[in-house]
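start25.txt (compact mmCIF, C-alpha atoms)
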```txt
# COMPACT_ATOMS: atom_id res chain seq x y z
CA MET A 961 -7.75 -36.11 -22.26
CA LYS A 962 -6.57 -36.46 -18.66
CA VAL A 963 -5.21 -33.22 -17.21
CA LEU A 964 -3.74 -32.34 -13.82
CA ILE A 965 -4.03 -28.62 -12.97
CA ILE A 966 -1.94 -27.42 -10.03
CA GLY A 967 -2.88 -23.99 -8.75
CA ALA A 968 -6.35 -24.55 -10.16
CA THR A 969 -8.02 -21.65 -8.33
CA SER A 970 -5.80 -19.04 -10.00
CA ASN A 971 -7.65 -17.01 -12.60
CA MET A 972 -5.51 -18.10 -15.54
CA ALA A 973 -5.74 -21.77 -14.54
CA GLN A 974 -9.52 -21.57 -14.16
CA GLU A 975 -9.89 -20.00 -17.59
CA THR A 976 -7.63 -22.66 -19.13
CA ALA A 977 -9.56 -25.45 -17.41
CA LYS A 978 -12.82 -24.21 -18.97
CA PHE A 979 -11.51 -25.01 -22.45
CA PHE A 980 -10.49 -28.52 -21.39
CA ALA A 981 -13.92 -29.00 -19.80
CA GLN A 982 -15.66 -28.00 -23.02
CA GLU A 983 -13.86 -30.80 -24.87
CA GLY A 984 -14.98 -33.33 -22.25
CA ALA A 985 -11.61 -33.78 -20.55
CA GLN A 986 -11.02 -35.52 -17.25
CA LEU A 987 -9.52 -33.09 -14.74
CA TYR A 988 -7.76 -33.25 -11.39
CA LEU A 989 -7.50 -29.93 -9.56
CA VAL A 990 -5.06 -28.91 -6.84
CA GLY A 991 -5.08 -25.70 -4.78
CA ARG A 992 -4.87 -24.40 -1.24
CA ASN A 993 -8.50 -23.44 -0.71
CA GLY A 994 -10.97 -26.32 -0.62
CA GLU A 995 -14.01 -24.06 -0.79
CA LYS A 996 -12.74 -22.37 -3.96
CA LEU A 997 -11.80 -25.74 -5.47
CA GLN A 998 -15.32 -27.00 -4.85
CA ALA A 999 -16.72 -24.01 -6.75
CA VAL A 1000 -14.32 -24.57 -9.67
CA TRP A 1001 -15.18 -28.30 -9.64
CA ASN A 1002 -18.87 -27.56 -9.98
CA ASP A 1003 -18.34 -25.00 -12.75
CA LEU A 1004 -16.20 -27.36 -14.83
CA LEU A 1005 -18.72 -30.19 -14.56
CA VAL A 1006 -21.46 -27.85 -15.78
CA ARG A 1007 -19.22 -26.86 -18.70
CA GLY A 1008 -18.89 -30.46 -19.87
CA ALA A 1009 -15.91 -32.05 -18.12
CA LYS A 1010 -16.23 -35.83 -18.13
CA HIS A 1011 -14.77 -36.19 -14.66
CA VAL A 1012 -13.41 -33.72 -12.08
CA ASP A 1013 -11.68 -34.48 -8.79
CA TRP A 1014 -9.70 -32.23 -6.46
CA THR A 1015 -7.30 -32.03 -3.52
CA ALA A 1016 -6.64 -29.07 -1.25
CA LEU A 1017 -2.94 -28.78 -0.39
CA ASP A 1018 -0.38 -26.16 0.57
CA LEU A 1019 2.16 -26.78 -2.19
CA CYS A 1020 4.99 -25.50 0.00
CA LEU A 1021 4.75 -28.87 1.80
CA LEU A 1022 7.25 -30.46 -0.56
CA ASP A 1023 7.17 -33.86 1.13
CA ARG A 1024 3.50 -34.22 0.11
CA HIS A 1025 4.12 -33.85 -3.62
CA GLU A 1026 4.83 -37.46 -4.51
CA HIS A 1027 1.67 -38.69 -2.79
CA LEU A 1028 -0.33 -35.90 -4.46
CA ILE A 1029 0.80 -36.84 -7.96
CA LYS A 1030 0.24 -40.56 -7.37
CA THR A 1031 -3.27 -39.79 -6.11
CA ALA A 1032 -4.05 -37.70 -9.20
CA ILE A 1033 -2.75 -40.37 -11.58
CA THR A 1034 -4.79 -43.04 -9.81
CA ALA A 1035 -7.95 -40.92 -9.84
CA LEU A 1036 -7.61 -40.17 -13.57
CA GLN A 1037 -6.28 -43.64 -14.41
CA GLY A 1038 -3.36 -42.03 -16.19
CA LEU A 1039 -2.17 -38.58 -17.14
CA ASP A 1040 -1.80 -36.84 -20.51
CA ALA A 1041 -0.90 -33.31 -19.47
CA VAL A 1042 -0.20 -31.10 -16.47
CA LEU A 1043 -0.46 -27.35 -15.98
CA ILE A 1044 1.45 -25.86 -13.03
CA ALA A 1045 0.00 -22.43 -12.32
CA HIS A 1046 0.39 -21.67 -8.62
CA GLY A 1047 2.38 -18.78 -7.21
CA THR A 1048 2.34 -15.46 -5.38
CA LEU A 1049 3.57 -11.97 -6.16
CA GLY A 1050 5.47 -11.29 -2.97
CA ASN A 1051 6.45 -8.05 -1.29
CA GLN A 1052 9.88 -7.13 -2.65
CA LYS A 1053 10.61 -4.62 0.13
CA ALA A 1054 9.71 -7.16 2.81
CA CYS A 1055 12.00 -9.72 1.19
CA GLU A 1056 14.87 -7.24 1.14
CA GLN A 1057 14.65 -6.96 4.93
CA SER A 1058 13.95 -10.60 5.78
CA VAL A 1059 15.72 -13.84 4.90
CA PRO A 1060 12.69 -15.97 5.99
CA GLU A 1061 10.39 -13.87 3.78
CA THR A 1062 12.74 -14.33 0.82
CA ILE A 1063 12.96 -18.09 1.38
CA LYS A 1064 9.16 -18.26 1.63
CA GLU A 1065 8.74 -16.56 -1.73
CA LEU A 1066 11.40 -18.73 -3.36
CA THR A 1067 9.74 -21.85 -1.95
CA THR A 1068 6.31 -20.84 -3.24
CA ASN A 1069 7.40 -19.68 -6.69
CA SER A 1070 10.42 -21.86 -7.42
CA PHE A 1071 11.26 -24.78 -5.12
CA SER A 1072 7.70 -26.15 -5.03
CA THR A 1073 7.44 -26.05 -8.81
CA ILE A 1074 10.84 -27.70 -9.28
CA SER A 1075 9.86 -30.41 -6.80
CA LEU A 1076 6.64 -31.16 -8.70
CA LEU A 1077 8.45 -31.11 -12.04
CA THR A 1078 11.08 -33.57 -10.86
CA ILE A 1079 8.41 -36.12 -9.97
CA LEU A 1080 6.25 -35.47 -13.03
CA ALA A 1081 9.21 -35.61 -15.42
CA ASN A 1082 10.05 -39.15 -14.33
CA TYR A 1083 6.43 -40.24 -14.84
CA PHE A 1084 6.12 -38.76 -18.33
CA GLU A 1085 9.58 -39.94 -19.36
CA GLN A 1086 8.66 -43.52 -18.47
CA GLN A 1087 5.30 -43.14 -20.22
CA GLY A 1088 6.99 -41.83 -23.37
CA LYS A 1089 4.45 -39.09 -24.10
CA GLY A 1090 2.61 -36.16 -22.53
CA THR A 1091 2.71 -32.41 -22.04
CA ILE A 1092 4.14 -30.45 -19.12
CA ALA A 1093 3.17 -26.76 -19.09
CA VAL A 1094 4.30 -24.28 -16.45
CA ILE A 1095 3.41 -20.64 -15.93
CA SER A 1096 6.67 -18.79 -15.38
CA SER A 1097 6.90 -15.03 -16.03
CA VAL A 1098 8.61 -12.37 -18.11
CA ALA A 1099 9.99 -11.22 -14.75
CA GLY A 1100 12.41 -14.14 -14.90
CA ASP A 1101 14.10 -12.87 -18.07
CA ARG A 1102 16.15 -10.21 -16.30
CA GLY A 1103 16.60 -9.11 -12.70
CA ARG A 1104 15.08 -5.72 -11.89
CA GLN A 1105 15.17 -3.85 -8.58
CA SER A 1106 11.38 -3.70 -8.36
CA ASN A 1107 10.84 -7.48 -8.19
CA TYR A 1108 14.13 -9.37 -8.28
CA VAL A 1109 13.12 -11.95 -5.66
CA TYR A 1110 10.05 -12.93 -7.68
CA GLY A 1111 12.14 -12.68 -10.85
CA THR A 1112 14.80 -14.96 -9.38
CA ALA A 1113 12.16 -17.58 -8.58
CA LYS A 1114 10.63 -17.45 -12.04
CA GLY A 1115 14.02 -17.29 -13.75
CA SER A 1116 15.12 -20.48 -12.00
CA VAL A 1117 11.92 -22.21 -13.11
CA THR A 1118 12.50 -21.08 -16.70
CA ILE A 1119 16.08 -22.44 -16.70
CA PHE A 1120 14.92 -25.70 -15.09
CA LEU A 1121 12.29 -26.10 -17.82
CA GLN A 1122 14.90 -25.51 -20.52
CA GLY A 1123 16.98 -28.37 -19.15
CA LEU A 1124 13.91 -30.56 -18.73
CA ARG A 1125 12.87 -29.88 -22.32
CA ASN A 1126 16.33 -30.83 -23.53
CA ARG A 1127 16.14 -34.06 -21.53
CA LEU A 1128 12.57 -35.11 -22.37
CA THR A 1129 12.35 -34.27 -26.07
CA LYS A 1130 13.86 -37.63 -27.02
CA SER A 1131 11.15 -39.34 -24.95
CA GLY A 1132 8.30 -37.68 -26.83
CA VAL A 1133 7.36 -35.38 -23.93
CA SER A 1134 6.60 -31.71 -24.60
CA VAL A 1135 7.70 -29.09 -22.07
CA VAL A 1136 5.99 -25.70 -22.45
CA THR A 1137 7.21 -22.56 -20.67
CA ILE A 1138 4.49 -19.92 -20.48
CA LYS A 1139 5.72 -16.39 -19.81
CA PRO A 1140 2.89 -13.97 -19.05
CA GLY A 1141 3.38 -10.27 -18.62
CA PHE A 1142 0.92 -8.27 -16.53
CA VAL A 1143 -2.46 -9.95 -16.07
CA ASP A 1144 -5.52 -8.35 -14.48
CA THR A 1145 -6.03 -10.73 -11.54
CA PRO A 1146 -6.38 -10.40 -7.75
CA MET A 1147 -2.60 -10.95 -7.51
CA THR A 1148 -2.03 -7.64 -9.32
CA ALA A 1149 -4.94 -5.77 -7.73
CA HIS A 1150 -2.54 -3.32 -6.04
CA ILE A 1151 -0.91 -2.31 -9.35
CA LYS A 1152 -2.35 0.53 -11.43
CA LYS A 1153 -3.68 -0.94 -14.68
CA ASN A 1154 -2.53 0.15 -18.12
CA ALA A 1155 -2.56 -1.05 -21.73
CA LEU A 1156 0.00 -3.78 -21.00
CA PHE A 1157 -2.44 -5.72 -18.79
CA ALA A 1158 -4.14 -8.76 -20.32
CA LYS A 1159 -7.45 -10.35 -19.32
CA PRO A 1160 -7.41 -13.83 -17.70
CA GLU A 1161 -9.96 -15.05 -20.26
CA THR A 1162 -7.61 -14.26 -23.13
CA MET A 1163 -4.68 -15.84 -21.32
CA GLY A 1164 -6.64 -19.01 -20.62
CA ARG A 1165 -7.45 -19.53 -24.28
CA GLN A 1166 -3.84 -18.99 -25.30
CA ILE A 1167 -2.47 -21.30 -22.61
CA TYR A 1168 -4.92 -23.99 -23.72
CA GLN A 1169 -3.79 -23.57 -27.33
CA ALA A 1170 -0.12 -23.75 -26.30
CA MET A 1171 -0.79 -27.03 -24.49
CA LYS A 1172 -2.82 -28.60 -27.30
CA ARG A 1173 -0.20 -27.77 -29.92
CA PRO A 1174 2.88 -27.65 -27.72
CA HIS A 1175 5.38 -24.87 -28.13
CA ASN A 1176 8.69 -24.46 -26.31
CA GLU A 1177 8.42 -20.97 -24.81
CA VAL A 1178 5.37 -18.77 -25.22
CA TYR A 1179 5.18 -15.08 -24.29
CA LEU A 1180 1.64 -13.99 -23.49
CA PRO A 1181 0.55 -11.69 -24.92
CA SER A 1182 3.04 -12.08 -27.75
CA PHE A 1183 4.17 -8.43 -27.67
CA TRP A 1184 6.18 -9.24 -24.54
CA GLN A 1185 8.69 -11.24 -26.59
CA PRO A 1186 10.28 -8.22 -28.37
CA ILE A 1187 10.01 -6.13 -25.20
CA MET A 1188 11.96 -8.67 -23.18
CA MET A 1189 14.43 -9.24 -25.99
CA LEU A 1190 15.30 -5.54 -25.87
CA LEU A 1191 15.62 -5.60 -22.08
CA ARG A 1192 17.97 -8.60 -22.22
CA ILE A 1193 20.37 -7.01 -24.69
CA ILE A 1194 20.90 -3.76 -22.74
CA PRO A 1195 24.50 -3.92 -21.40
CA GLU A 1196 24.69 -4.42 -17.64
CA ARG A 1197 26.81 -1.26 -17.22
CA LEU A 1198 23.80 0.70 -18.50
CA PHE A 1199 21.01 -1.51 -17.18
CA LYS A 1200 22.12 -1.18 -13.56
CA HIS A 1201 21.34 2.57 -13.66
CA LEU A 1202 17.77 2.13 -14.93
CA ARG A 1203 14.85 2.38 -12.52
CA LEU A 1204 12.87 -0.73 -13.45
```

Written as structure tokens, that's how I'd like the structure from this file.
Amino acid sequence: MKVLIIGATSNMAQETAKFFAQEGAQLYLVGRNGEKLQAVWNDLLVRGAKHVDWTALDLCLLDRHEHLIKTAITALQGLDAVLIAHGTLGNQKACEQSVPETIKELTTNSFSTISLLTILANYFEQQGKGTIAVISSVAGDRGRQSNYVYGTAKGSVTIFLQGLRNRLTKSGVSVVTIKPGFVDTPMTAHIKKNALFAKPETMGRQIYQAMKRPHNEVYLPSFWQPIMMLLRIIPERLFKHLRL
């Protein structure tokens, strides 16, 4: 299997990649930090990956995306699946006071993903098969005062994926939206941990399973699905008074 992993140094992406490596997959990794990518590259080869290559790139450079994807496809001599897993958990208060800060967060968590998906969708549609998986978030299911800039970015990605799924189903291409809740990673290091936090190792296994037997939307862990369903059905006249 030939898999492109974008945001490959994130904890969830690394854990997912380990399962692909164990089955002897060919992998192409993309991330910002070349030193970290080199370490992931070495680990995946030790774990059994047939071939691993990588590129360091700031994914906010949208004009570099087409070249990146062409390079990955050439290196792997094709592409069966992609996992898009990059992103940041920005500072909501800073975004509230700064248009540039808000645009930066939207570019990182939404525009860059939509740019990559637009290019990848055309490739897979022409190929007539493949799997596109993207890590969105439960935060995109409803806007909350504590993280509505991040939630806006993830919500737009979720809606984009819904449309892409509707478009690509007839071409035999699976589009998987992965909606994690809280995960114990460096990105959430500043948040006090509780029983709702999942381990990256568990998430990696479940993401891998969702890509191997493609679903449409997957809440991880699964208990987030009823939680978010309840949040979505609260009337706005009541919801706006909640401190969430």

So how far away is atom CA of A:Arg1127 from atom CA of A:Phe1183, in Å?
-> 28.9 Å

Separation of atom CA of A:Glu1161 and atom CA of A:Met972, in Å?
-> 7.2 Å

Residue contacts of stretch 1012-1016 of chain A (7 Å, only C-alpha atoms) excluding same-chain residues fewer than 4 positions away, as number ranges by chain = A: 986-994, 997, 1001, 1005

Per residue of stretch 1111-1183 of chain A within 10 Å of stretch 1039-1063 of chain A, note the shortest atom pair and the distance in Å to one decimal, counting all atoms listed in the file, and order the rows by chain and increasing residue number, as CSV.
```
residue,atom,partner,partner_atom,distance
A:Gly1111,CA,A:Leu1049,CA,9.8
A:Ala1113,CA,A:Gly1047,CA,9.9
A:Lys1114,CA,A:Gly1047,CA,9.7
A:Val1133,CA,A:Ala1041,CA,9.6
A:Ser1134,CA,A:Ala1041,CA,9.2
A:Val1135,CA,A:Val1042,CA,9.9
A:Val1136,CA,A:Leu1043,CA,9.3
A:Ile1138,CA,A:Ala1045,CA,9.6
A:Met1147,CA,A:Leu1049,CA,6.4
A:Thr1148,CA,A:Leu1049,CA,7.8
A:Ile1167,CA,A:Leu1043,CA,9.2
A:Tyr1168,CA,A:Leu1043,CA,9.5
A:Met1171,CA,A:Ala1041,CA,8.0
A:Lys1172,CA,A:Ala1041,CA,9.3
```

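Remark: for A:Val1098, the closest of the candidate residues A:Ser1182, A:Thr1145, A:Thr1031, A:Gln1166 is A:Ser1182 (distances computed over all atoms listed in the file).
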
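With all atoms listed in the file as the atoms that count, the residue of A:Arg1102, A:Pro1140, A:Gln998, A:Arg1203 with the shortest distance to A:Leu1190 is A:Arg1102.
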
Which of these, A:Glu975, A:Asp1023, A:Asp1018, A:Glu983, has the shortest distance to A:Asp1003 once you count only C-alpha atoms?
->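 Result for the nearest residue to A:Asp1003: A:Glu975.
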